[in-house]
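Structure, as structure tokens:
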Amino acid sequence: MFAKLHRKSLATCLALLFAGVGTAAWAADVRPNVDMGLAASNQPVHVTLILKLRHEAALEDYIRQTITPGSAHYRQFLGTAEFASQYGASDADIARVQAFLRQQGLSSTVLASHLAIETSATPAQLGAMFQAPIHEYVSARSGRRFHRPATAPRMPAALAGSVIFVSGLSNERQFLSHRINLPQLPATAQRTFTLKALAKTPGGNPTATGIPGDYTVGDVANFYNINPLYQHGINGKGSTVAIVTLSNFYPSDAQTYWSDIGLATKPNRITQVHVDGGGVFDGGSGETALDVEQSGGIAPWANIVVYDAPNAGNGFTDAFAQAVSDNKADSISTSWGAPEIFNFAALNVNGASDTDTTDVGDLRAFHQIFLEAAVQGQSVFAASGDSGAYDTVRGLGTGTGPGEFSAPLTVDSPASDPFITAAGGTTVPFTFGIQGDPTTSITQESVWGWDYLQVYLDAYAPIPGGWRAQLFSVGGGGGVSVYWNEPFYQWFTRGIRRSERKQALVYNDPSAGPTTLLALPANFRGRNVPDIALNADPETGYVLYSTTDGGLGSAGGTSFVAPQLNGISALLTQSTGHRVGFWNPQVYLLQNIFGYGPWSAFNSVNAGDNWFYYGAPNYTPGAGIGTLNVANLNLFLGGR
């Protein structure tokens, strides 16, 4: 399934990559993490052993049948127990793994899906089991303490045939929320807003404002023709959406948002599930709040289950695995991710091996979880990122000076997985300018990329060195995976691209000079992202309410699009009377057959760019197959 990559062996460089995703400033001050020695043995570590699926090819075939009219298993989605018995790990494999853990003095819990076994052990026990001592480190960048194996761990022979990945041996890596604030512009260009004072748009959805940057879910309904569903009584009643997130939040924030925009919602609809102890209240709490506000605002009568987990170690995969195994939600979204290629830093120097437990485990673990979701009829959405076509920039920055990283064309994970719907970003039409200077306009919905701001600001508000350093490469995430092959539903789609030549992640070592950490394959026929896009530019962004962010705010990013699609899917579930299932094969087929036009379910995005991929009257890695006409999509899917 994946491309062979060229790697240069440099342990310190791999450690830099695997250290997690930080701010762009980190790239200018790279220092080694401080090894504090063996991790304290009185601090148990929670780990998850991801079990190998059975009959994966047959499972993919069954998934295709569930969303193909006329097939033997059309809409015959499986329950969790059925999935476990047919495709989850065998009873013999589970017994083998549990017996091994008992021999180590460990108890364990098997996930209902038979996709994972959870256990807790001391660092000393884990170090002995995987022949790699677990050390504690202190990040030289942030001061954060974490643990990870000091050497490459090795899979015990007793587990090698049953376990594909052990998640949690390291809690170093963290994920980013894909929320972006407005850029720091001259004071004369700044926006002020008060939610209760916002003007209402004449006609259309009554909760809309019509004000770029202060849009609500009502404006989303106006943009993408959702209102006809509301007029027919479709409001998400009877459906359930799930949010997978890595920060805790205050459920009252969502209710404040809905109440203040005048939206009637189902009472007592939010349930929280704290996975692995749950997430904390931090800078990501606003992300969780907006995810609930957007999905629950689009589908105001749907139930909402929030799965929050710590942003470290196995939290992300555990939260997703729990949401899918519980099988309560008809649709699921997440707005967190990290560059796909960050997984490759975990590969050993000679490539993947049967004994290396870090063999791109996150990618494989997520993939198995998404396969289960698809066969259970759960629609899953992930934000494609906010670094345009250069997904590493938010974490590593870009440049050629000492201590800086290059910016190869890359995509975000888990959005790059072929069994998830990747949510991209656009800019809807608006006029902007600096007080006293000429204004300019985006005249048609465009691929989101802030190079249009760079052009304007360089002309009317120049700064030393220009605006590129501050604005590159903010925009809707999109491009070509260099791990996942092009999926079947993209085979006949006009506009699908292959990976570009001469792409590599290079670190300009202050003492040794440029060092290639990862040379990416050229002309790789990989999975293209995103699949569908909606408005995400903070300049045409949305109001949100988050106590941890000081209350009322305004933001954008593809983190808004993923939960919006989640809410739309809940409406379609109610309208059609059944789960929609895996979106991608269905929407690509509709677009390939019916194209674009007034009766199509899709609008092409013909303008703009995400710093590399341009808008086009077909698929583009800037905006996927385009934006939605939800009312038309509902009719194509057989909704009322």
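Ligands are numbered from 1 in the order shown, chains are lettered A, B, ... in the order of the structure tokens, and residues start at 1 in each chain.
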Which residues of region 251-353 of chain A come within 12 Å of region 123-147 of chain A, and what is each one's closest atom pair and distance in Å (one decimal), counting only C-alpha atoms, sorted by chain and residue number, as CSV?
```
residue,atom,partner,partner_atom,distance
A:Asn311,CA,A:Phe146,CA,11.9
A:Ala312,CA,A:Phe146,CA,9.0
A:Gly313,CA,A:His147,CA,9.2
```
Using only all heavy atoms, please write the residues we just selected to a file, as a PDB file, in the first residue's frame.
```
ATOM      1  N   ASN A 311      -3.790  14.490  24.334  1.00  0.00           N
ATOM      2  CA  ASN A 311      -3.073  14.752  23.080  1.00  0.00           C
ATOM      3  C   ASN A 311      -1.638  14.263  23.197  1.00  0.00           C
ATOM      4  O   ASN A 311      -0.681  15.044  23.173  1.00  0.00           O
ATOM      5  CB  ASN A 311      -3.111  16.240  22.747  1.00  0.00           C
ATOM      6  CG  ASN A 311      -2.536  16.528  21.368  1.00  0.00           C
ATOM      7  OD1 ASN A 311      -2.263  15.614  20.588  1.00  0.00           O
ATOM      8  ND2 ASN A 311      -2.336  17.797  21.058  1.00  0.00           N
ATOM      9  N   ALA A 312      -1.499  12.967  23.342  1.00  0.00           N
ATOM     10  CA  ALA A 312      -0.169  12.356  23.452  1.00  0.00           C
ATOM     11  C   ALA A 312      -0.334  10.847  23.405  1.00  0.00           C
ATOM     12  O   ALA A 312      -1.394  10.309  23.736  1.00  0.00           O
ATOM     13  CB  ALA A 312       0.520  12.775  24.756  1.00  0.00           C
ATOM     14  N   GLY A 313       0.743  10.170  23.009  1.00  0.00           N
ATOM     15  CA  GLY A 313       0.731   8.718  23.043  1.00  0.00           C
ATOM     16  C   GLY A 313      -0.372   8.128  22.201  1.00  0.00           C
ATOM     17  O   GLY A 313      -0.570   8.479  21.041  1.00  0.00           O
TER      18      GLY A 313
END
```
Contacts of region 303-354 of chain A with region 257-280 of chain A up to 12 Å, shortest pair per row, only C-alpha atoms, as a tab-separated table:
```
residue	atom	partner	partner_atom	distance
A:Asn303	CA	A:Arg269	CA	4.9
A:Ile304	CA	A:Ile270	CA	4.8
A:Val305	CA	A:Thr271	CA	4.8
A:Val306	CA	A:Gln272	CA	4.7
A:Tyr307	CA	A:Val273	CA	4.8
A:Asp308	CA	A:Gly278	CA	5.2
A:Ala309	CA	A:Gly278	CA	4.2
A:Pro310	CA	A:Gly279	CA	4.2
A:Asn311	CA	A:Gly279	CA	6.8
A:Ala312	CA	A:Gly279	CA	9.6
A:Gly313	CA	A:Asp276	CA	10.3
A:Asn314	CA	A:Asp276	CA	8.6
A:Gly315	CA	A:Asp276	CA	6.6
A:Phe316	CA	A:Val275	CA	9.2
A:Thr317	CA	A:Val275	CA	10.1
A:Asp318	CA	A:Val275	CA	7.0
A:Ala319	CA	A:Val275	CA	5.8
A:Phe320	CA	A:Val275	CA	9.5
A:Ala321	CA	A:Val275	CA	10.0
A:Gln322	CA	A:Val275	CA	7.8
A:Ala323	CA	A:Val273	CA	9.0
A:Asp326	CA	A:Val273	CA	10.7
A:Lys328	CA	A:Thr271	CA	11.4
A:Ala329	CA	A:Thr271	CA	11.5
```
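Using only C-alpha atoms, the smallest distance between any of A:Ala461, A:Val292, A:Val447, A:Ala72 and Asp386 (chain A) comes from A:Val447.
Using only C-alpha atoms, the smallest distance between any of A:Ala389, A:Ile117, A:Ala289, A:Val474 and Ala623 (chain A) comes from A:Ala389.
Of the residues under consideration (A:Tyr87, A:Gly608, A:Gln586, A:Pro530), A:Gln586 shows the shortest atom-to-atom contact distance to Arg64 (chain A) when counting only C-alpha atoms.
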- Message: I need the residue nearest Ala555 (chain A) from this list: A:Ser569, A:Thr540, A:Thr256, A:Ser481. Use only C-alpha atoms for the distance.
- Response: A:Thr540
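Near Trp599 (chain A), within 10 Å and counting only C-alpha atoms, sit Phe594, Gly595, Tyr596, Phe602, Asn603, Asn629, Ala631, Asn632, Leu633, Leu635 and Phe636 of chain A, not including residues fewer than 3 positions from it in the same chain.
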- Close residues, Gln564 (chain A) itself excluded, 10 Å, only C-alpha atoms, min 5 positions apart in chain, as a PyMOL selection string: chain A and resi 217+220-221+291-299+333+381+423+534+558-559+569-570
Selection export as a PDB file, in the first residue's frame, atoms kept: C-alpha atoms:
```
ATOM      1  CA  VAL A 217     -24.097  27.764  10.724  1.00  0.00           C
ATOM      2  CA  VAL A 220     -23.367  27.639   5.835  1.00  0.00           C
ATOM      3  CA  ALA A 221     -26.967  26.634   5.147  1.00  0.00           C
ATOM      4  CA  ASP A 291     -16.637  21.142  16.507  1.00  0.00           C
ATOM      5  CA  VAL A 292     -19.709  20.625  18.686  1.00  0.00           C
ATOM      6  CA  GLU A 293     -21.167  24.029  17.791  1.00  0.00           C
ATOM      7  CA  GLN A 294     -20.805  23.471  14.053  1.00  0.00           C
ATOM      8  CA  SER A 295     -21.939  19.841  13.792  1.00  0.00           C
ATOM      9  CA  GLY A 296     -24.741  20.343  16.296  1.00  0.00           C
ATOM     10  CA  GLY A 297     -25.739  23.643  14.695  1.00  0.00           C
ATOM     11  CA  ILE A 298     -26.059  22.134  11.222  1.00  0.00           C
ATOM     12  CA  ALA A 299     -28.084  19.235  12.711  1.00  0.00           C
ATOM     13  CA  SER A 333     -15.515  13.935  12.565  1.00  0.00           C
ATOM     14  CA  PHE A 381     -14.649  13.138   8.157  1.00  0.00           C
ATOM     15  CA  ALA A 423     -12.508  18.150   4.333  1.00  0.00           C
ATOM     16  CA  LEU A 534     -16.454  24.267   2.117  1.00  0.00           C
ATOM     17  CA  THR A 558     -10.688  23.235   7.817  1.00  0.00           C
ATOM     18  CA  SER A 559     -11.530  22.402  11.431  1.00  0.00           C
ATOM     19  CA  SER A 569     -24.380  13.713   7.098  1.00  0.00           C
ATOM     20  CA  ALA A 570     -26.704  13.590  10.118  1.00  0.00           C
TER      21      ALA A 570
END
```
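Counting only C-alpha atoms, region 428-432 of chain A has the following residues at most 7 Å away, ignoring those fewer than 6 positions along the same chain: Pro212, Thr439, Thr440, Ser441, Ile442, Thr443, Gln444, Glu445, Ser446, Asn535 and Thr540 of chain A.
For region 474-539 of chain A, backbone-based DSSP assignment of strand (DSSP E or B) covers A:Gly475, A:Gly479, A:Val480, A:Ser481, A:Val482, A:Tyr483, A:Trp484, A:Asn485, A:Ala504, A:Leu505, A:Val506, A:Tyr507, A:Asn508, A:Asp509, A:Gly513, A:Pro514, A:Thr515, A:Thr516, A:Leu517, A:Leu518, A:Ala519, A:Gly526, A:Arg527, A:Asn528, A:Val529, A:Ile532, A:Ala533, A:Leu534, A:Asn535.
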- Would you list the contacts of Leu453 (chain A) as a list in words, taking every protein, DNA or RNA residue within 10 Å and counting only C-alpha atoms, but skipping same-chain residues closer than 6 positions in sequence? Pro183, Phe432, Gly433, Ala459, Trp467, Arg468, Leu471 and Glu539 of chain A
